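Novice: Have a peek at query.cif (mmCIF, C-alpha atoms and all ligand atoms).
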```cif
data_model
loop_
_atom_site.group_PDB
_atom_site.id
_atom_site.type_symbol
_atom_site.label_atom_id
_atom_site.label_comp_id
_atom_site.auth_asym_id
_atom_site.auth_seq_id
_atom_site.Cartn_x
_atom_site.Cartn_y
_atom_site.Cartn_z
ATOM 1 C CA MET A 280 103.695 89.505 155.758
ATOM 2 C CA GLU A 281 105.383 92.735 156.638
ATOM 3 C CA ASN A 282 109.143 92.656 156.317
ATOM 4 C CA LEU A 283 111.835 94.534 158.194
ATOM 5 C CA SER A 284 111.290 98.239 157.989
ATOM 6 C CA HIS A 285 112.816 101.342 159.502
ATOM 7 C CA LEU A 286 111.902 101.394 163.194
ATOM 8 C CA TYR A 287 110.892 104.641 164.862
ATOM 9 C CA LEU A 288 110.961 103.687 168.510
ATOM 10 C CA THR A 289 109.289 106.908 169.634
ATOM 11 C CA ARG A 290 106.139 105.506 167.985
ATOM 12 C CA HIS A 291 106.439 102.240 169.900
ATOM 13 C CA LYS A 292 107.154 103.498 173.421
ATOM 14 C CA ASP A 293 103.984 101.909 174.850
ATOM 15 C CA PHE A 294 104.756 98.591 173.189
ATOM 16 C CA ILE A 295 108.298 98.585 174.611
ATOM 17 C CA GLU A 296 107.261 99.736 178.088
ATOM 18 C CA LYS A 297 104.585 97.044 178.338
ATOM 19 C CA ILE A 298 107.128 94.321 177.575
ATOM 20 C CA ILE A 299 109.579 95.767 180.120
ATOM 21 C CA ALA A 300 106.888 96.004 182.824
ATOM 22 C CA ARG A 301 106.125 92.296 182.472
ATOM 23 C CA TYR A 302 109.620 91.403 183.682
ATOM 24 C CA VAL A 303 111.451 94.180 185.472
ATOM 25 C CA ASN A 304 111.052 97.616 187.026
ATOM 26 C CA ALA A 305 113.181 99.580 184.597
ATOM 27 C CA GLU A 306 112.950 102.950 182.927
ATOM 28 C CA LEU A 307 112.974 103.214 179.130
ATOM 29 C CA ILE A 308 115.178 105.940 177.697
ATOM 30 C CA LEU A 309 115.324 106.714 173.980
ATOM 31 C CA VAL A 310 118.559 108.452 173.026
ATOM 32 C CA GLU A 311 119.159 110.509 169.894
ATOM 33 C CA SER A 312 121.610 108.150 168.244
ATOM 34 C CA ARG A 313 123.627 105.013 168.737
ATOM 35 C CA SER A 314 126.738 107.041 169.455
ATOM 36 C CA ASP A 315 125.066 108.054 172.750
ATOM 37 C CA ILE A 316 125.169 104.420 173.898
ATOM 38 C CA GLY A 317 128.605 103.363 172.718
ATOM 39 C CA ASN A 318 127.384 102.630 169.196
ATOM 40 C CA ARG A 319 125.270 99.766 170.499
ATOM 41 C CA ILE A 320 121.751 99.040 169.329
ATOM 42 C CA GLY A 321 120.551 98.737 172.917
ATOM 43 C CA LEU A 322 122.005 99.094 176.389
ATOM 44 C CA SER A 323 120.911 98.053 179.863
ATOM 45 C CA LYS A 324 122.188 99.688 183.024
ATOM 46 C CA TRP A 325 121.672 98.525 186.559
ATOM 47 C CA GLY A 326 120.501 101.275 188.826
ATOM 48 C CA SER A 327 122.467 102.481 191.779
ATOM 49 C CA PRO A 328 120.637 102.463 195.157
ATOM 50 C CA GLY A 329 117.538 104.644 194.865
ATOM 51 C CA ARG A 330 117.681 104.677 191.109
ATOM 52 C CA ARG A 331 115.765 102.400 188.761
ATOM 53 C CA ASP A 332 117.439 100.148 186.259
ATOM 54 C CA ARG A 333 117.482 101.677 182.797
ATOM 55 C CA ILE A 334 117.099 100.321 179.278
ATOM 56 C CA LEU A 335 118.333 102.578 176.497
ATOM 57 C CA PHE A 336 117.653 102.431 172.782
ATOM 58 C CA PRO A 337 118.255 104.875 169.934
ATOM 59 C CA LYS A 338 115.150 106.636 168.628
ATOM 60 C CA THR A 339 115.486 105.008 165.237
ATOM 61 C CA ILE A 340 116.848 101.683 164.037
ATOM 62 C CA SER A 341 117.414 101.218 160.313
ATOM 63 C CA ILE A 342 116.794 98.037 158.340
ATOM 64 C CA THR A 343 120.553 97.657 157.898
ATOM 65 C CA GLU A 344 121.064 97.829 161.661
ATOM 66 C CA GLN A 345 118.364 95.217 162.218
ATOM 67 C CA LEU A 346 120.015 92.926 159.701
ATOM 68 C CA SER A 347 123.427 93.337 161.313
ATOM 69 C CA VAL A 348 121.987 92.300 164.694
ATOM 70 C CA ILE A 349 120.352 89.228 163.158
ATOM 71 C CA LEU A 350 123.548 88.320 161.278
ATOM 72 C CA ALA A 351 125.628 88.707 164.445
ATOM 73 C CA MET A 352 123.202 86.337 166.172
ATOM 74 C CA MET A 353 123.589 83.804 163.378
ATOM 75 C CA LYS A 354 127.387 84.087 163.571
ATOM 76 C CA ARG A 355 127.399 83.449 167.327
ATOM 77 C CA GLU A 356 125.132 80.494 166.996
ATOM 78 C CA SER A 357 126.588 77.051 167.325
ATOM 79 C CA SER A 358 123.866 74.533 166.659
ATOM 80 C CA MET A 359 125.624 72.013 168.906
ATOM 81 C CA VAL A 360 125.417 74.253 171.919
ATOM 82 C CA HIS A 361 122.436 76.458 171.121
ATOM 83 C CA PRO A 362 119.882 74.493 169.177
ATOM 84 C CA GLY A 363 117.128 76.750 167.949
ATOM 85 C CA LEU A 364 118.933 80.073 167.972
ATOM 86 C CA ALA A 365 119.674 80.022 164.234
ATOM 87 C CA ASP A 366 116.027 79.194 163.549
ATOM 88 C CA HIS A 367 115.020 82.069 165.777
ATOM 89 C CA ALA A 368 117.372 84.416 163.897
ATOM 90 C CA ASN A 369 115.943 83.159 160.622
ATOM 91 C CA ARG A 370 112.429 83.782 161.860
ATOM 92 C CA LEU A 371 113.348 87.338 162.831
ATOM 93 C CA PHE A 372 114.914 87.831 159.417
ATOM 94 C CA ALA A 373 111.841 86.542 157.593
ATOM 95 C CA SER A 374 109.404 88.295 159.881
ATOM 96 C CA ASN A 375 108.550 91.908 160.631
ATOM 97 C CA SER A 376 110.226 94.673 162.573
ATOM 98 C CA MET A 377 107.854 94.402 165.527
ATOM 99 C CA LEU A 378 109.040 90.865 166.274
ATOM 100 C CA PHE A 379 112.603 92.128 165.889
ATOM 101 C CA LEU A 380 111.834 94.954 168.320
ATOM 102 C CA GLU A 381 110.283 92.527 170.798
ATOM 103 C CA HIS A 382 113.420 90.398 170.616
ATOM 104 C CA LEU A 383 115.616 93.442 171.130
ATOM 105 C CA VAL A 384 113.658 94.565 174.196
ATOM 106 C CA LEU A 385 113.671 91.063 175.682
ATOM 107 C CA HIS A 386 117.422 90.862 175.049
ATOM 108 C CA GLU A 387 118.025 93.983 177.170
ATOM 109 C CA ILE A 388 115.578 92.753 179.829
ATOM 110 C CA ALA A 389 117.634 89.548 180.002
ATOM 111 C CA HIS A 390 120.736 91.552 180.975
ATOM 112 C CA ILE A 391 118.849 93.301 183.793
ATOM 113 C CA LYS A 392 116.731 90.453 185.082
ATOM 114 C CA ASN A 393 119.482 87.848 185.108
ATOM 115 C CA LYS A 394 122.298 90.256 186.057
ATOM 116 C CA TRP A 395 124.181 89.191 182.969
ATOM 117 C CA GLY A 396 127.025 91.448 181.808
ATOM 118 C CA GLN A 397 127.452 92.739 178.275
ATOM 119 C CA LYS A 398 129.542 89.711 177.318
ATOM 120 C CA LYS A 399 126.605 87.315 177.705
ATOM 121 C CA GLU A 400 125.080 88.187 174.344
ATOM 122 C CA THR A 401 124.230 84.656 173.284
ATOM 123 C CA ALA A 402 122.651 83.858 176.655
ATOM 124 C CA CYS A 403 120.492 86.991 176.353
ATOM 125 C CA ASP A 404 119.428 86.061 172.810
ATOM 126 C CA LEU A 405 118.529 82.559 173.955
ATOM 127 C CA TRP A 406 116.536 83.907 176.893
ATOM 128 C CA ALA A 407 114.644 86.276 174.564
ATOM 129 C CA PHE A 408 114.048 83.399 172.174
ATOM 130 C CA GLU A 409 112.605 81.287 175.002
ATOM 131 C CA GLN A 410 110.201 84.074 176.039
ATOM 132 C CA ILE A 411 108.892 84.468 172.486
ATOM 133 C CA ARG A 412 108.636 80.725 171.973
ATOM 134 C CA GLY A 413 106.993 80.122 175.335
ATOM 135 C CA ARG A 414 103.991 82.345 174.922
HETATM 136 ZN ZN ZN A 501 123.384 92.421 175.008
#
```
Would it be possible to restate this file's structure as structure tokens?
Specialist:
Amino acid sequence: MENLSHLYLTRHKDFIEKIIARYVNAELILVESRSDIGNRIGLSKWGSPGRRDRILFPKTISITEQLSVILAMMKRESSMVHPGLADHANRLFASNSMLFLEHLVLHEIAHIKNKWGQKKETACDLWAFEQIRGR
């Protein structure tokens, strides 16, 4: 099994765009660094009239950044309220970067598709988890 590795998103544009196209009509934008998107690891923006929704990611995501996302997910998890999310986080941790990337893309799609603001992080993770589990 491949473990987490440095992600170069420019190499995975097709992969990301195919996932996006399954759910929403949004444009993928890869920015130079996290500082361009408020130091986040991903950002979704609803379009104004006449403009498509947008999903932004940095061009590269390090292993450390992937781990911090997974750890944040584990911290937010409360098994009483969100059964399965910790297992999902564990699976991402034990798995490879492509599954992590799929989760990340689905997380941003969740914001757009469900019109959930940036505070609904756990809901977006759960939605992403359901999509991966349900296929
Ligand atoms: Zn989010």
Novice: Decode the PyMOL selection byres (((chain A and resi 324) around 10) and not hetatm) for the given file into explicit residues and return them as a list of chain:residue names.
Specialist: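 For this structure, the PyMOL selection byres (((chain A and resi 324) around 10) and not hetatm) captures A:Ala305, A:Glu306, A:Leu322, A:Ser323, A:Trp325, A:Gly326, A:Ser327, A:Arg331, A:Asp332, A:Arg333, A:Ile334, A:Leu335, A:Glu387, A:His390, A:Ile391, A:Lys394, A:Gly396, A:Gln397.
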Novice: Please, which residues in region 325-397 of chain A fall within 12 Å of region 284-300 of chain A when counting only C-alpha atoms, and what is the closest atom pair and distance in Å to one decimal for each, ordered by chain then residue number, as a tab-separated table?
Specialist:
```
residue	atom	partner	partner_atom	distance
A:Asp332	CA	A:Ile299	CA	10.9
A:Arg333	CA	A:Ile299	CA	10.2
A:Ile334	CA	A:Ile299	CA	8.8
A:Leu335	CA	A:Leu288	CA	10.9
A:Phe336	CA	A:Leu288	CA	8.0
A:Pro337	CA	A:Leu288	CA	7.5
A:Lys338	CA	A:Leu288	CA	5.1
A:Thr339	CA	A:Tyr287	CA	4.6
A:Ile340	CA	A:Leu286	CA	5.0
A:Ser341	CA	A:His285	CA	4.7
A:Ile342	CA	A:His285	CA	5.3
A:Thr343	CA	A:His285	CA	8.7
A:Glu344	CA	A:His285	CA	9.2
A:Gln345	CA	A:His285	CA	8.7
A:Leu346	CA	A:Ser284	CA	10.4
A:Phe372	CA	A:Ser284	CA	11.1
A:Ala373	CA	A:Ser284	CA	11.7
A:Ser374	CA	A:Ser284	CA	10.3
A:Asn375	CA	A:Ser284	CA	7.4
A:Ser376	CA	A:Ser284	CA	5.9
A:Met377	CA	A:Leu286	CA	8.4
A:Leu378	CA	A:Phe294	CA	11.2
A:Phe379	CA	A:Leu286	CA	9.7
A:Leu380	CA	A:Ile295	CA	8.1
A:Glu381	CA	A:Ile295	CA	7.4
A:His382	CA	A:Ile298	CA	10.2
A:Leu383	CA	A:Ile295	CA	9.6
A:Val384	CA	A:Ile295	CA	6.7
A:Leu385	CA	A:Ile298	CA	7.6
A:His386	CA	A:Ile299	CA	10.5
A:Glu387	CA	A:Ile299	CA	9.1
A:Ile388	CA	A:Ile299	CA	6.7
A:Ala389	CA	A:Ile299	CA	10.2
A:His390	CA	A:Ile299	CA	12.0
A:Ile391	CA	A:Ile299	CA	10.3
A:Lys392	CA	A:Ile299	CA	10.2
```
Novice: Check which residues satisfy the PyMOL selection byres (((chain A and resi 349) around 8) and not hetatm) in the file shown, then give them as a list in words.
Specialist: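 When the PyMOL selection byres (((chain A and resi 349) around 8) and not hetatm) is applied to the shown file, the picked residues are Gln345, Leu346, Ser347, Val348, Leu350, Ala351, Met352, Met353, Ala368, Asn369, Leu371 and Phe372 of chain A.
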Novice: Closest to ligand ZN 501 (chain A) among A:Ile320, A:Gln410, A:Arg330, A:Arg370, using only C-alpha atoms and all ligand atoms?
Specialist: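 Smallest separation from ligand ZN 501 (chain A) among the options: A:Ile320.
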Novice: Nearest to ligand ZN 501 (chain A): which of A:Gly321, A:Arg414, A:Pro328, A:Glu409 is it, counting all atoms listed in the file?
Specialist: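 Smallest distance to ligand ZN 501 (chain A) is found for A:Gly321.
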Novice: Looking at all atoms listed in the file, which of A:Gly329, A:Leu309, A:Lys354, A:Arg319 is the one that sits closest to ligand ZN 501 (chain A)?
Specialist: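 Among A:Gly329, A:Leu309, A:Lys354, A:Arg319, it is A:Arg319 that comes nearest to ligand ZN 501 (chain A).
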Novice: Applying 10 Å and all atoms listed in the file, which residues near Asn393 (chain A) remain after dropping the ones on its own chain fewer than 5 positions away? List them as a list in words.
Specialist: Ile388, Ala402, Cys403 and Trp406 of chain A
Novice: As an exercise, work out the distance from CA of Ala365 (chain A) to CA of Leu405 (chain A) in Å and give it to one decimal place.
Specialist: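 So the answer is 10.1 Å.
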Novice: Work out how far CA of Lys398 (chain A) is from CA of Asp366 (chain A), in Å to one decimal.
Specialist: 22.0 Å
Novice: For CA of Ile411 (chain A) and CA of Leu364 (chain A), quote the distance in Å rounded to one decimal.
Specialist: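 Spanning CA of Ile411 (chain A) to CA of Leu364 (chain A) is a straight-line distance of 11.9 Å.
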Novice: Assuming 6 Å of padding per side, give the centre and edge lengths of the axis-aligned box around every listed atom of region 349-354 of chain A, in Å to one decimal and as lines of an AutoDock Vina configuration file.
Specialist:
```
center_x = 123.9
center_y = 86.5
center_z = 163.7
size_x = 19.0
size_y = 17.4
size_z = 16.9
```
Novice: Given only C-alpha atoms and all ligand atoms as the basis, pick out the residue of A:Glu356, A:Ala407, A:Lys399, A:Asp315 nearest to ligand ZN 501 (chain A).
Specialist: A:Lys399
Novice: For a quick check of understanding, using only C-alpha atoms and all ligand atoms, which of A:Gly413, A:His361, A:Trp395, A:Ile308 has the smallest distance to ligand ZN 501 (chain A)?
Specialist: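 Closest to ligand ZN 501 (chain A), using only C-alpha atoms and all ligand atoms: A:Trp395.
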Novice: Here is a test: counting only C-alpha atoms and all ligand atoms, which residue of A:Arg355, A:Asn304, A:Asp404, A:Arg313 is nearest to ligand ZN 501 (chain A)?
Specialist: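 Between A:Arg355, A:Asn304, A:Asp404, A:Arg313, the residue approaching ligand ZN 501 (chain A) most closely is A:Asp404.
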Novice: Keeping C-alpha atoms (and nothing else), can you write region 338-406 of chain A of this structure as a PDB file, in the first residue's frame?
Specialist:
```pdb
ATOM      1  CA  LYS A 338      -0.539  23.502  -6.140  1.00  0.00           C
ATOM      2  CA  THR A 339       1.218  21.325  -3.602  1.00  0.00           C
ATOM      3  CA  ILE A 340       0.177  19.741  -0.324  1.00  0.00           C
ATOM      4  CA  SER A 341       2.885  18.281   1.901  1.00  0.00           C
ATOM      5  CA  ILE A 342       2.607  15.115   3.972  1.00  0.00           C
ATOM      6  CA  THR A 343       2.633  17.251   7.120  1.00  0.00           C
ATOM      7  CA  GLU A 344      -0.310  19.281   5.828  1.00  0.00           C
ATOM      8  CA  GLN A 345      -2.230  16.108   5.009  1.00  0.00           C
ATOM      9  CA  LEU A 346      -1.607  14.790   8.499  1.00  0.00           C
ATOM     10  CA  SER A 347      -2.756  18.030  10.109  1.00  0.00           C
ATOM     11  CA  VAL A 348      -6.052  17.847   8.191  1.00  0.00           C
ATOM     12  CA  ILE A 349      -6.590  14.241   9.276  1.00  0.00           C
ATOM     13  CA  LEU A 350      -5.703  15.073  12.895  1.00  0.00           C
ATOM     14  CA  ALA A 351      -8.082  18.048  12.889  1.00  0.00           C
ATOM     15  CA  MET A 352     -10.809  15.698  11.652  1.00  0.00           C
ATOM     16  CA  MET A 353     -10.069  13.260  14.460  1.00  0.00           C
ATOM     17  CA  LYS A 354     -10.163  16.089  17.016  1.00  0.00           C
ATOM     18  CA  ARG A 355     -13.566  17.289  15.794  1.00  0.00           C
ATOM     19  CA  GLU A 356     -14.986  13.831  15.848  1.00  0.00           C
ATOM     20  CA  SER A 357     -17.331  12.882  18.619  1.00  0.00           C
ATOM     21  CA  SER A 358     -18.210   9.236  18.247  1.00  0.00           C
ATOM     22  CA  MET A 359     -21.561   9.853  19.943  1.00  0.00           C
ATOM     23  CA  VAL A 360     -22.655  12.328  17.332  1.00  0.00           C
ATOM     24  CA  HIS A 361     -20.623  11.300  14.299  1.00  0.00           C
ATOM     25  CA  PRO A 362     -20.150   7.566  14.290  1.00  0.00           C
ATOM     26  CA  GLY A 363     -17.747   6.542  11.575  1.00  0.00           C
ATOM     27  CA  LEU A 364     -15.848   9.780  11.113  1.00  0.00           C
ATOM     28  CA  ALA A 365     -12.889   8.683  13.250  1.00  0.00           C
ATOM     29  CA  ASP A 366     -12.725   5.422  11.302  1.00  0.00           C
ATOM     30  CA  HIS A 367     -12.788   7.407   8.093  1.00  0.00           C
ATOM     31  CA  ALA A 368      -9.951   9.629   9.352  1.00  0.00           C
ATOM     32  CA  ASN A 369      -8.018   6.527  10.346  1.00  0.00           C
ATOM     33  CA  ARG A 370      -8.548   5.038   6.916  1.00  0.00           C
ATOM     34  CA  LEU A 371      -7.249   8.212   5.282  1.00  0.00           C
ATOM     35  CA  PHE A 372      -4.252   8.139   7.598  1.00  0.00           C
ATOM     36  CA  ALA A 373      -3.460   4.512   6.795  1.00  0.00           C
ATOM     37  CA  SER A 374      -4.197   4.874   3.111  1.00  0.00           C
ATOM     38  CA  ASN A 375      -2.636   6.788   0.238  1.00  0.00           C
ATOM     39  CA  SER A 376      -2.610  10.408  -0.823  1.00  0.00           C
ATOM     40  CA  MET A 377      -5.083   9.875  -3.656  1.00  0.00           C
ATOM     41  CA  LEU A 378      -7.812   8.861  -1.207  1.00  0.00           C
ATOM     42  CA  PHE A 379      -6.854  11.878   0.894  1.00  0.00           C
ATOM     43  CA  LEU A 380      -7.117  14.080  -2.199  1.00  0.00           C
ATOM     44  CA  GLU A 381     -10.506  12.605  -3.077  1.00  0.00           C
ATOM     45  CA  HIS A 382     -11.708  13.374   0.439  1.00  0.00           C
ATOM     46  CA  LEU A 383     -10.381  16.915   0.208  1.00  0.00           C
ATOM     47  CA  VAL A 384     -12.130  17.550  -3.113  1.00  0.00           C
ATOM     48  CA  LEU A 385     -15.401  16.071  -1.853  1.00  0.00           C
ATOM     49  CA  HIS A 386     -15.115  18.230   1.273  1.00  0.00           C
ATOM     50  CA  GLU A 387     -14.991  21.411  -0.841  1.00  0.00           C
ATOM     51  CA  ILE A 388     -17.793  20.125  -3.093  1.00  0.00           C
ATOM     52  CA  ALA A 389     -19.888  19.660   0.057  1.00  0.00           C
ATOM     53  CA  HIS A 390     -19.572  23.381   0.855  1.00  0.00           C
ATOM     54  CA  ILE A 391     -20.752  24.338  -2.645  1.00  0.00           C
ATOM     55  CA  LYS A 392     -23.418  21.726  -3.217  1.00  0.00           C
ATOM     56  CA  ASN A 393     -25.059  22.033   0.185  1.00  0.00           C
ATOM     57  CA  LYS A 394     -24.475  25.793   0.566  1.00  0.00           C
ATOM     58  CA  TRP A 395     -22.672  25.133   3.811  1.00  0.00           C
ATOM     59  CA  GLY A 396     -20.479  27.936   5.179  1.00  0.00           C
ATOM     60  CA  GLN A 397     -16.882  27.521   6.281  1.00  0.00           C
ATOM     61  CA  LYS A 398     -17.964  26.712   9.835  1.00  0.00           C
ATOM     62  CA  LYS A 399     -19.611  23.437   8.798  1.00  0.00           C
ATOM     63  CA  GLU A 400     -16.346  21.518   8.620  1.00  0.00           C
ATOM     64  CA  THR A 401     -17.560  18.367  10.327  1.00  0.00           C
ATOM     65  CA  ALA A 402     -20.703  18.230   8.184  1.00  0.00           C
ATOM     66  CA  CYS A 403     -18.544  18.526   5.050  1.00  0.00           C
ATOM     67  CA  ASP A 404     -16.212  15.757   6.250  1.00  0.00           C
ATOM     68  CA  LEU A 405     -19.183  13.516   6.983  1.00  0.00           C
ATOM     69  CA  TRP A 406     -20.694  14.210   3.569  1.00  0.00           C
TER      70      TRP A 406
END
```
